[in-house]
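The structure appears below as structure tokens.
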Amino acid sequence: MSRIWKAFWILALALPLSVFLVWGIWHNAKLFFITLLNGLTLASLYFIVASGFTLVFGLMRNVNLAHGSLYLLGGYVGYFVGAKTGYFVLALAAGFVAAAFVGLLMQVAIFRFMQGQDLRQTMVTIGLSIVIADLLLWAIGAQVHQLSAPDGLAGPLRDIPLITAYSKYRMALLPVGIAIGVLLWLFLNRTRVGMMIRAGVDDRAMLAATGINVNLVFAATFAIGAGLAGLGGVIGAVELSMVPGEDVRLLLASLIVVIVGGMGSVVGAAVGATILGVAETYGLAYAPTYSVVFTFVILVLVLAFRPRGILGQAA
Amino acid sequence: MKSSKRVFLRTLAGAAVFAAFSGAAFAQQTVKIGLLATLEGPFAAGGADGMRGAELAIKQRNGMAGGKKIVLVKASSDAKPDVAVNATRKLVEQDKVDIMVGPLSGGEGIAVKEYSKTQPNITFINGSSGAQATTLVNPSPNFFRFNTEGAQWMVGLGKAALDKGYKRVMLIAEDYAFPYSQVQGFMSEYCRLGGKVPVKAWVPLGGKDYASVIARIPKDVDALLVVLGGADAVNFLNQYEAAGGDKPIVGGSITVSQDILNYKGKRRDSLVGTIAGAPIADAYDHPDFKAFVSAYQKEYPVSSGAYPSPSLFALVYYINMKAALDGLDAVKGDLSGGQAKYRQALSKMTLKTPVGDVRLDANRQAIGTTFITEVVKDAQGNLFNRVLRKVDGIDQMLGMPKEQFKMGSRDEPSCP
């Protein structure tokens with residue numbers, strides 16, 4: 001693409017966006033900034049779930065369409081532990097561990113035998129997602145389960161300039177999401193295990209030849225990826241509540257995040273999640289009827305101009 | 001290859017003949033009823049309770065109607081019209097049910113009604129779907145609805161809101177046919193009496209995140225008209241409270257139903273005082289209704305996952321299933337002649353329900369009773385709906401002359 005065309009497209013995107021920005025602030029600054037905050041906090045939840053997805057899908061080339069089911073599982077486990085013990089931290093830990101354990105089982109018992117067979121993995125994970133969803137429906141029922149926010153985070157945060165009041169719990173999602181992102185990036189880029197994971201993805205045989213147990217490395221990665229979905233589930237159980245069907249919604253969100261942001265990149269997932277979260281909330285605030293469309297417009301634009309995602313690289 | 005194909009065909013033909021014969025023999029002592037409700041998606045909890053209600057109607061007569069044994073075939077959808085049609089199609093074309101009861105949700109009802117036109121020999125009875133258009137626009141000759149619909153359920157609520165001093169309300173509702181009907185039912189009365197609805201927010205069904213909508217609530221409204229159901233209602237109420245919202249709420253029929261008042265999580269005492277319109281009121285003290293409630297409680301104890309008191313979905317599915325069975329009794333199980341006699345009986349019957357008698361109009365749509373209710377808290381801390389007012393004999397025109405009546409949509413009615 002020539003530079004002129006590139007400039008044209010950037011302008012074509014940036015112009016309406018900046019017009020909207022100016023108009024939005026002028027029209028109702030409070031609404032505009034609350035919506036921005038809403039978008040970023042929703043993005044945080046999407047990022048936590050999608051980062052697990054990108055880890056498994058992008059780094060390991062392992063298509064896990066049961067990722068949403070792990071979210072649901074983590075959420076339910078978190079709900080029951082939280083309701084029983086009253087400690088939110090325990091609920092978070094239980095959700096992470098439960099989903100990580102199931103993820104580990106999936107990798108050890110199933111995916112190990114179909115490494116690199118994308119289509120087969122896809123079919124098996126779709127099957128698994130249906131089975132898990134139905135098992136959960138059978139065991140727990142279809143009632144809405146909503147975990148209470150921890151006492152310190154219940155209710156609104158008042159007297160914030162411009163936007164007056166905002167949900168404390170929701171506000172807390174933002175630093176949590178950022179912290180998980182930074183930790184994940186450090187883990188993958190600055191630790192030995194992270195290096196092994198990246199190396200294993202690039203050349204599995206070579207890594208094995210250096211004397212490293214590749215299956216163990218991949219199992220650990222899968223467990224972490226699944227655990228992040230479970231963790232997201234517990235966080236989502238407070239803000240969005242748990243109910244059958246959430247699995248599909250979060251799977252779809254994760255897929256969009258990974259496609260938009262670029263596969264296998266933690267930073268990409270952060271970018272993708274931010275775009276999706278912000279677009280969804282602004283859509284709901286300013287054009288609720290058409291809010292669903294915005295998500296797909298973004299998907300179309302990204303696939304048209306950057307088919308590998310905004311930060312994606314050639315495989 | 002060729003011979004194996006032939007063998008396969010022969011087996012298939014054999015199986016078909018067998019199925020045809022056994023089916024014919026079967027049809028003499030049994031009637032197959034298909035039951036469709038949402039066991040997935042945003043109304044999963046309501047769907048499960050709807051199934052309880054429908055099964056209760058069958059259990060109350062020991063699984064027999066019109067001298068025949070009732071065989072129930074269940075299917076699930078997720079509140080999406082196409083899923084509901086596929087599930088209905090499976091029940092009708094594959095399971096060969098004689099009578100269909102369902103679906104649960106508004107958009108689904110319109111879609112299933114359209115499908116019913118392609119199956120003139122099967123009788124379709126509504127589940128709990130409450131969109132006006134189902135029986136108002138191009139009604140189907142073999143689709144019956146023994147429950148009143150969304151707009152009828154809101155008659156009287158506009159006045160009740162004004163009596164509470166709510167002169168301006170903001171509307172928050174899901175963007176599909178059922179809430180359109182509910183809003184029309186509320187607003188046609190509310191606007192006529194001088195109320196104002198300056199902002200309407202139509203949100204996607206199953207949207208879950210209401211932070212943006214909450215941000216749009218203007219300071220100068222007295223209350224919120226919230227027409228959300230299932231998980232959506234729970235999320236909205238929770239997020240509104242967490243965001244520091246304190247405006248009173250006027251609820252749609254499924255916004256403060258038992259399935260919402262009893263979701264798993266902390267009780268929202270802020271709901272106390274919420275008024276709503278519905279075909280059911282938990283604390284209605286008519287003996288018929290009390291009998292229905294105790295039958296439900298006996299059959300489905302809370303420990304089995306049911307509610308302390310039947311939800312709207314349980315009642316409405318019960319009513320429609322009861323109509324199907326009463327109809328079978330009336331014709332002594334005779335479904336011959338494309339079920340013509342059966343339909344005749346359904347059209348003419350006065351159905352006895354726990355909330356009073358129901359008749360059908362020319363479009364096979366129920367004319368019945370609506371309750372205006374208010375959420376109160378009992379001694380055990382359970383939330384339930386008490387009756388503020390009962391309005392009988394509401395027809396689909398809501399008492400308006402036909403030329404004045406306009407069906408609900410996103411923009412209709414309007415009084416900013």
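Each chain in the structure tokens gets a letter, A, B and so on, in the order shown; residues start at 1 in every chain, and ligands are counted from 1 in the order they appear.
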Please report, as a Markdown table, each residue of chain A lying at most 7 Å from chain B, together with the nearest pair of atoms and the separation in Å rounded to one decimal; use only C-alpha atoms, and order rows by chain and ascending residue number.
```
| residue | atom | partner | partner_atom | distance |
| --- | --- | --- | --- | --- |
| A:Leu31 | CA | B:Ala215 | CA | 5.7 |
| A:Ile34 | CA | B:Ala215 | CA | 6.4 |
| A:Thr35 | CA | B:Ser212 | CA | 5.6 |
| A:Asn38 | CA | B:Ala211 | CA | 6.2 |
| A:Ala142 | CA | B:Ala45 | CA | 4.7 |
| A:Gln143 | CA | B:Ala45 | CA | 4.6 |
| A:Val144 | CA | B:Tyr263 | CA | 5.4 |
| A:His145 | CA | B:Lys264 | CA | 4.7 |
| A:Gln146 | CA | B:Gly265 | CA | 4.9 |
| A:Leu147 | CA | B:Gly265 | CA | 5.8 |
| A:Ser148 | CA | B:Lys266 | CA | 6.4 |
| A:Ala154 | CA | B:Ala242 | CA | 6.7 |
| A:Gly155 | CA | B:Ala242 | CA | 4.4 |
| A:Pro156 | CA | B:Ala243 | CA | 5.1 |
| A:Ala165 | CA | B:Gly244 | CA | 6.4 |
| A:Tyr166 | CA | B:Ala243 | CA | 5.0 |
| A:Ser167 | CA | B:Ala243 | CA | 4.4 |
| A:Leu240 | CA | B:Lys208 | CA | 6.0 |
| A:Ser241 | CA | B:Asn235 | CA | 6.7 |
| A:Pro244 | CA | B:Glu40 | CA | 5.9 |
| A:Gly245 | CA | B:Gly41 | CA | 4.8 |
| A:Thr281 | CA | B:Ser212 | CA | 5.8 |
| A:Leu284 | CA | B:Ser212 | CA | 6.0 |
| A:Ala285 | CA | B:Ser212 | CA | 4.8 |
| A:Pro288 | CA | B:Val203 | CA | 5.4 |
| A:Thr289 | CA | B:Trp202 | CA | 6.0 |
```
Go ahead and dump the residues you just picked, N, CA, C and O atoms, as a compact mmCIF listing (two decimals), in the first residue's frame.
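File produced: out33.txt:
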```
# COMPACT_ATOMS: atom_id res chain seq x y z
N LEU A 31 -21.07 11.96 31.04
CA LEU A 31 -21.41 10.70 30.37
C LEU A 31 -20.21 10.15 29.61
O LEU A 31 -19.90 8.96 29.65
N ILE A 34 -17.54 8.76 32.13
CA ILE A 34 -18.01 7.53 32.79
C ILE A 34 -17.96 6.38 31.79
O ILE A 34 -17.54 5.28 32.11
N THR A 35 -18.38 6.67 30.58
CA THR A 35 -18.38 5.62 29.57
C THR A 35 -16.95 5.15 29.28
O THR A 35 -16.71 3.95 29.11
N ASN A 38 -16.06 2.96 32.07
CA ASN A 38 -16.78 1.70 31.89
C ASN A 38 -16.08 0.83 30.86
O ASN A 38 -15.95 -0.38 31.04
N ALA A 142 -30.05 -23.38 36.46
CA ALA A 142 -29.97 -22.24 35.56
C ALA A 142 -30.15 -20.91 36.26
O ALA A 142 -30.18 -19.88 35.65
N GLN A 143 -30.29 -20.96 37.59
CA GLN A 143 -30.54 -19.71 38.31
C GLN A 143 -29.34 -18.77 38.21
O GLN A 143 -28.20 -19.21 38.08
N VAL A 144 -29.63 -17.48 38.30
CA VAL A 144 -28.56 -16.49 38.26
C VAL A 144 -27.78 -16.56 39.57
O VAL A 144 -28.36 -16.51 40.65
N HIS A 145 -26.47 -16.70 39.48
CA HIS A 145 -25.62 -16.71 40.67
C HIS A 145 -24.78 -15.46 40.67
O HIS A 145 -24.01 -15.23 39.73
N GLN A 146 -24.93 -14.68 41.72
CA GLN A 146 -24.15 -13.46 41.78
C GLN A 146 -23.36 -13.41 43.07
O GLN A 146 -23.93 -13.40 44.16
N LEU A 147 -22.06 -13.40 42.93
CA LEU A 147 -21.17 -13.33 44.08
C LEU A 147 -21.16 -11.89 44.59
O LEU A 147 -21.15 -10.95 43.80
N SER A 148 -21.19 -11.74 45.92
CA SER A 148 -21.14 -10.38 46.47
C SER A 148 -19.72 -9.85 46.38
O SER A 148 -18.77 -10.59 46.56
N ALA A 154 -17.61 -2.94 48.08
CA ALA A 154 -19.04 -2.84 47.81
C ALA A 154 -19.46 -1.38 47.75
O ALA A 154 -18.89 -0.54 48.43
N GLY A 155 -20.45 -1.11 46.92
CA GLY A 155 -21.01 0.24 46.87
C GLY A 155 -20.19 1.19 46.02
O GLY A 155 -19.21 0.80 45.40
N PRO A 156 -20.63 2.42 45.99
CA PRO A 156 -20.00 3.39 45.10
C PRO A 156 -18.84 4.17 45.76
O PRO A 156 -18.78 4.29 46.97
N ALA A 165 -19.93 9.73 41.15
CA ALA A 165 -19.90 8.44 41.84
C ALA A 165 -19.60 7.31 40.86
O ALA A 165 -20.06 7.34 39.71
N TYR A 166 -18.83 6.32 41.34
CA TYR A 166 -18.53 5.18 40.48
C TYR A 166 -18.38 3.94 41.33
O TYR A 166 -17.88 4.01 42.46
N SER A 167 -18.80 2.80 40.80
CA SER A 167 -18.73 1.54 41.55
C SER A 167 -17.28 1.23 41.93
O SER A 167 -16.40 1.19 41.08
N LEU A 240 -20.94 -9.27 36.48
CA LEU A 240 -21.87 -9.65 35.42
C LEU A 240 -22.72 -10.85 35.78
O LEU A 240 -23.57 -11.26 35.01
N SER A 241 -22.49 -11.47 36.93
CA SER A 241 -23.20 -12.65 37.41
C SER A 241 -22.99 -13.86 36.51
O SER A 241 -22.66 -13.74 35.33
N PRO A 244 -25.95 -19.87 32.83
CA PRO A 244 -25.60 -20.60 31.62
C PRO A 244 -25.66 -19.67 30.41
O PRO A 244 -26.58 -18.86 30.32
N GLY A 245 -24.72 -19.80 29.50
CA GLY A 245 -24.70 -18.94 28.33
C GLY A 245 -23.57 -17.94 28.39
O GLY A 245 -23.09 -17.46 27.36
N THR A 281 -18.97 -0.29 25.16
CA THR A 281 -19.64 0.60 26.11
C THR A 281 -20.06 1.91 25.45
O THR A 281 -21.14 2.41 25.73
N LEU A 284 -23.16 1.19 23.59
CA LEU A 284 -24.33 1.08 24.46
C LEU A 284 -24.79 2.44 24.97
O LEU A 284 -25.98 2.67 25.17
N ALA A 285 -23.83 3.34 25.19
CA ALA A 285 -24.20 4.63 25.75
C ALA A 285 -24.79 5.56 24.70
O ALA A 285 -25.74 6.28 24.96
N PRO A 288 -27.52 2.60 21.66
CA PRO A 288 -27.75 1.27 22.23
C PRO A 288 -28.32 0.27 21.24
O PRO A 288 -27.97 -0.91 21.27
N THR A 289 -29.13 0.76 20.34
CA THR A 289 -29.77 -0.16 19.40
C THR A 289 -28.76 -0.83 18.49
O THR A 289 -28.91 -1.97 18.09
```
Please list as an NGL selection string every residue within 7 Å of Ala54 in chain B, counting only C-alpha atoms and excluding residues in the same chain fewer than 5 positions away. :B and (317-318 or 321)
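Note that the spacing between CA of Arg192 in chain A and CA of Asn64 in chain A amounts to 25.0 Å.
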Name the closest residue to Ile275 in chain A among the candidates A:Ala237, A:Ala229, A:Leu36, A:Ile163; distances are taken between atoms, counting only C-alpha atoms.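 Using only C-alpha atoms, Ile275 in chain A sits closest to A:Leu36.
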What is the distance, in Å and to one decimal place, between CA of Phe294 in chain A and CA of Ala133 in chain B? 28.9 Å
Which of range 9-165 of chain B DSSP labels helix (DSSP H, G or I), written as JSON, numbers by chain: {"B": [9, 10, 11, 12, 13, 14, 15, 16, 17, 18, 19, 20, 21, 22, 23, 24, 25, 26, 27, 41, 42, 43, 44, 45, 46, 47, 48, 49, 50, 51, 52, 53, 54, 55, 56, 57, 58, 59, 81, 82, 83, 84, 85, 86, 87, 88, 89, 90, 91, 92, 93, 94, 106, 107, 108, 109, 110, 111, 112, 113, 114, 115, 116, 133, 134, 135, 136, 152, 153, 154, 157, 158, 159, 160, 161, 162, 163]}
Determine, counting only C-alpha atoms, which protein, DNA and RNA residues have an atom within 10 Å of an atom of Val49 in chain A; residues of the same chain fewer than 5 positions away are not included. Present the result as a PyMOL selection string. chain A and resi 43-44+54+67-68+70-71+177+225-233+235-236+250-251+253-254+257+269+273
Could the residues in this selection be written to a file with N, CA and C atoms, as an mmCIF file, in the first residue's frame?
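The result, stored in result_7.cif:
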```cif
data_model
loop_
_atom_site.group_PDB
_atom_site.id
_atom_site.type_symbol
_atom_site.label_atom_id
_atom_site.label_comp_id
_atom_site.auth_asym_id
_atom_site.auth_seq_id
_atom_site.Cartn_x
_atom_site.Cartn_y
_atom_site.Cartn_z
ATOM 1 N N ALA A 43 -12.881 -3.757 29.604
ATOM 2 C CA ALA A 43 -11.711 -4.249 28.876
ATOM 3 C C ALA A 43 -10.814 -5.055 29.797
ATOM 4 N N SER A 44 -10.732 -4.624 31.028
ATOM 5 C CA SER A 44 -9.900 -5.312 32.006
ATOM 6 C C SER A 44 -10.350 -6.760 32.173
ATOM 7 N N THR A 54 -5.140 -16.232 24.614
ATOM 8 C CA THR A 54 -4.062 -15.924 23.678
ATOM 9 C C THR A 54 -2.826 -16.751 24.008
ATOM 10 N N HIS A 67 -12.660 -22.550 26.206
ATOM 11 C CA HIS A 67 -12.149 -21.527 27.121
ATOM 12 C C HIS A 67 -13.296 -20.860 27.894
ATOM 13 N N GLY A 68 -14.416 -20.602 27.200
ATOM 14 C CA GLY A 68 -15.567 -19.997 27.860
ATOM 15 C C GLY A 68 -16.118 -20.884 28.963
ATOM 16 N N LEU A 70 -14.410 -22.829 30.819
ATOM 17 C CA LEU A 70 -13.517 -22.703 31.969
ATOM 18 C C LEU A 70 -13.840 -21.427 32.748
ATOM 19 N N TYR A 71 -14.225 -20.384 32.010
ATOM 20 C CA TYR A 71 -14.665 -19.136 32.654
ATOM 21 C C TYR A 71 -15.880 -19.401 33.541
ATOM 22 N N GLY A 177 -6.448 -5.699 36.222
ATOM 23 C CA GLY A 177 -6.167 -6.079 34.840
ATOM 24 C C GLY A 177 -4.762 -5.689 34.433
ATOM 25 N N GLY A 225 -3.197 -20.670 31.392
ATOM 26 C CA GLY A 225 -4.198 -20.071 30.508
ATOM 27 C C GLY A 225 -5.609 -20.363 30.989
ATOM 28 N N ALA A 226 -5.824 -21.626 31.354
ATOM 29 C CA ALA A 226 -7.153 -22.014 31.841
ATOM 30 C C ALA A 226 -7.443 -21.324 33.168
ATOM 31 N N GLY A 227 -6.432 -21.260 34.028
ATOM 32 C CA GLY A 227 -6.605 -20.617 35.327
ATOM 33 C C GLY A 227 -7.010 -19.167 35.189
ATOM 34 N N LEU A 228 -6.435 -18.478 34.209
ATOM 35 C CA LEU A 228 -6.797 -17.071 33.994
ATOM 36 C C LEU A 228 -8.276 -16.947 33.618
ATOM 37 N N ALA A 229 -8.760 -17.917 32.826
ATOM 38 C CA ALA A 229 -10.191 -17.908 32.500
ATOM 39 C C ALA A 229 -11.009 -18.069 33.767
ATOM 40 N N GLY A 230 -10.577 -18.978 34.646
ATOM 41 C CA GLY A 230 -11.290 -19.194 35.906
ATOM 42 C C GLY A 230 -11.274 -17.956 36.779
ATOM 43 N N LEU A 231 -10.107 -17.306 36.824
ATOM 44 C CA LEU A 231 -9.972 -16.079 37.604
ATOM 45 C C LEU A 231 -10.930 -15.009 37.071
ATOM 46 N N GLY A 232 -10.940 -14.883 35.739
ATOM 47 C CA GLY A 232 -11.882 -13.942 35.117
ATOM 48 C C GLY A 232 -13.313 -14.290 35.490
ATOM 49 N N GLY A 233 -13.593 -15.595 35.564
ATOM 50 C CA GLY A 233 -14.939 -16.036 35.925
ATOM 51 C C GLY A 233 -15.358 -15.527 37.291
ATOM 52 N N ILE A 235 -14.139 -12.946 38.897
ATOM 53 C CA ILE A 235 -14.294 -11.489 38.822
ATOM 54 C C ILE A 235 -15.615 -11.143 38.133
ATOM 55 N N GLY A 236 -15.924 -11.886 37.065
ATOM 56 C CA GLY A 236 -17.164 -11.639 36.332
ATOM 57 C C GLY A 236 -18.396 -12.032 37.136
ATOM 58 N N LEU A 250 -18.298 -14.988 26.624
ATOM 59 C CA LEU A 250 -16.892 -14.678 26.901
ATOM 60 C C LEU A 250 -15.966 -15.333 25.887
ATOM 61 N N LEU A 251 -16.348 -16.489 25.364
ATOM 62 C CA LEU A 251 -15.534 -17.118 24.324
ATOM 63 C C LEU A 251 -15.509 -16.220 23.097
ATOM 64 N N ALA A 253 -16.052 -12.995 23.010
ATOM 65 C CA ALA A 253 -15.271 -11.802 23.328
ATOM 66 C C ALA A 253 -13.777 -12.117 23.226
ATOM 67 N N SER A 254 -13.355 -13.265 23.772
ATOM 68 C CA SER A 254 -11.943 -13.632 23.729
ATOM 69 C C SER A 254 -11.471 -13.794 22.294
ATOM 70 N N VAL A 257 -11.093 -10.386 20.786
ATOM 71 C CA VAL A 257 -9.912 -9.724 21.345
ATOM 72 C C VAL A 257 -8.648 -10.253 20.680
ATOM 73 N N ALA A 269 -3.338 -8.663 23.173
ATOM 74 C CA ALA A 269 -4.595 -8.935 23.872
ATOM 75 C C ALA A 269 -5.052 -7.700 24.634
ATOM 76 N N ALA A 273 -8.515 -6.016 23.817
ATOM 77 C CA ALA A 273 -9.522 -5.926 24.870
ATOM 78 C C ALA A 273 -9.965 -4.481 25.066
#
```
Apply DSSP to the backbone of this structure and, from range 173-234 of chain B, keep only the residues in strand (DSSP E or B); write these as a PyMOL selection string. chain B and resi 173-174+196+200-203+223-227
Selection: 6 Å around range 124-140 of chain A, only C-alpha atoms, excl. self and same-chain fewer than 6 positions, as a PDB file with C-alpha atoms, in the first residue's frame:
```pdb
ATOM      1  CA  ASN A  64      -9.292 -24.213  22.870  1.00  0.00           C
ATOM      2  CA  LEU A  65     -12.909 -23.337  22.191  1.00  0.00           C
ATOM      3  CA  ALA A  66     -13.788 -24.624  25.658  1.00  0.00           C
ATOM      4  CA  SER A  69     -16.578 -23.114  29.777  1.00  0.00           C
TER       5      SER A  69
END
```
A:Leu216, A:Ala223, A:Leu72, A:Leu162 ranked by distance to Val102 in chain A, top pick (using only C-alpha atoms): A:Ala223
Just the number, please: distance in Å from CA of Asp220 in chain B to CA of Val292 in chain A, one decimal.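 Separation of CA of Asp220 in chain B and CA of Val292 in chain A: 29.1 Å.
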Pick from B:Leu312, B:Leu91, B:Ala161, B:Ala362, whichever lies nearest to Ser129 in chain B using only C-alpha atoms: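 Of B:Leu312, B:Leu91, B:Ala161, B:Ala362, the one nearest Ser129 in chain B, counting only C-alpha atoms, is B:Leu312.
Once range 295-300 of chain B and its same-chain neighbours fewer than 5 positions away are set aside, Ala48, Asp49, Gly50, Met51, Arg52, Gly53, Ala54, Glu55, Leu56, Ala57, Ile58, Lys59, Gln60, Asp288, Phe289, Lys290, Gly305, Ala306, Tyr307, Pro308, Ser309, Pro310, Ser311, Ala314, Leu315, Tyr318 and Pro354 of chain B remain within 12 Å of it when counting only C-alpha atoms.
Residues in contact range of Gly106 in chain B, defined as at most 8 Å between only C-alpha atoms, with sequence neighbours fewer than 6 positions away removed, read Ser129, Gly130, Ala131, Tyr176, Ala177 and Phe178 of chain B.
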Would you pick out the contacts of Leu162 in chain B at 12 Å or less, using only C-alpha atoms, so that residues sharing its chain but fewer than 6 positions from it are not included, and give the list as a PyMOL selection string? chain B and resi 156+168-169+186-187+189-196+222-223+250+275
Now that the selection is made, can you save its residues with N, CA, C and O atoms as a compact mmCIF listing (two decimals), in the first residue's frame?
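After the write, again-v3.txt holds the following:
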```
# COMPACT_ATOMS: atom_id res chain seq x y z
N GLY B 156 -52.85 -0.37 34.03
CA GLY B 156 -53.06 0.07 35.42
C GLY B 156 -51.78 0.55 36.07
O GLY B 156 -51.80 1.25 37.08
N ARG B 168 -41.95 11.94 35.83
CA ARG B 168 -41.04 11.72 34.69
C ARG B 168 -40.27 10.43 34.96
O ARG B 168 -39.69 10.27 36.03
N VAL B 169 -40.27 9.53 34.00
CA VAL B 169 -39.49 8.30 34.18
C VAL B 169 -38.57 8.10 32.97
O VAL B 169 -38.87 8.52 31.86
N PHE B 186 -47.63 0.23 29.31
CA PHE B 186 -47.41 1.22 30.37
C PHE B 186 -47.62 2.64 29.86
O PHE B 186 -48.38 3.42 30.42
N MET B 187 -46.94 2.95 28.75
CA MET B 187 -46.88 4.34 28.31
C MET B 187 -48.20 4.84 27.75
O MET B 187 -48.53 6.03 27.89
N GLU B 189 -51.05 4.45 28.78
CA GLU B 189 -51.83 4.96 29.91
C GLU B 189 -51.12 6.12 30.61
O GLU B 189 -51.72 7.16 30.90
N TYR B 190 -49.80 5.93 30.81
CA TYR B 190 -49.01 6.91 31.55
C TYR B 190 -48.97 8.26 30.83
O TYR B 190 -49.16 9.31 31.43
N CYS B 191 -48.76 8.21 29.52
CA CYS B 191 -48.69 9.45 28.73
C CYS B 191 -50.06 10.13 28.70
O CYS B 191 -50.16 11.35 28.78
N ARG B 192 -51.11 9.31 28.56
CA ARG B 192 -52.46 9.88 28.48
C ARG B 192 -52.79 10.64 29.76
O ARG B 192 -53.43 11.67 29.74
N LEU B 193 -52.28 10.15 30.89
CA LEU B 193 -52.58 10.78 32.17
C LEU B 193 -51.59 11.89 32.50
O LEU B 193 -51.61 12.43 33.61
N GLY B 194 -50.67 12.19 31.58
CA GLY B 194 -49.80 13.35 31.78
C GLY B 194 -48.37 13.03 32.19
O GLY B 194 -47.57 13.93 32.43
N GLY B 195 -47.99 11.77 32.27
CA GLY B 195 -46.62 11.42 32.59
C GLY B 195 -45.69 11.68 31.42
O GLY B 195 -46.13 11.78 30.28
N LYS B 196 -44.39 11.82 31.71
CA LYS B 196 -43.41 12.07 30.64
C LYS B 196 -42.31 11.01 30.68
O LYS B 196 -41.85 10.60 31.75
N ASP B 222 -37.99 11.08 38.00
CA ASP B 222 -38.41 10.67 39.34
C ASP B 222 -38.19 9.19 39.59
O ASP B 222 -38.04 8.75 40.71
N ALA B 223 -38.21 8.41 38.50
CA ALA B 223 -38.10 6.95 38.67
C ALA B 223 -37.60 6.35 37.37
O ALA B 223 -37.50 7.02 36.34
N VAL B 250 -39.88 1.31 38.62
CA VAL B 250 -41.16 0.77 38.19
C VAL B 250 -40.80 -0.42 37.31
O VAL B 250 -40.03 -0.28 36.35
N ILE B 275 -42.99 -1.00 42.21
CA ILE B 275 -44.30 -1.40 41.70
C ILE B 275 -44.14 -2.01 40.32
O ILE B 275 -43.19 -1.69 39.58
```
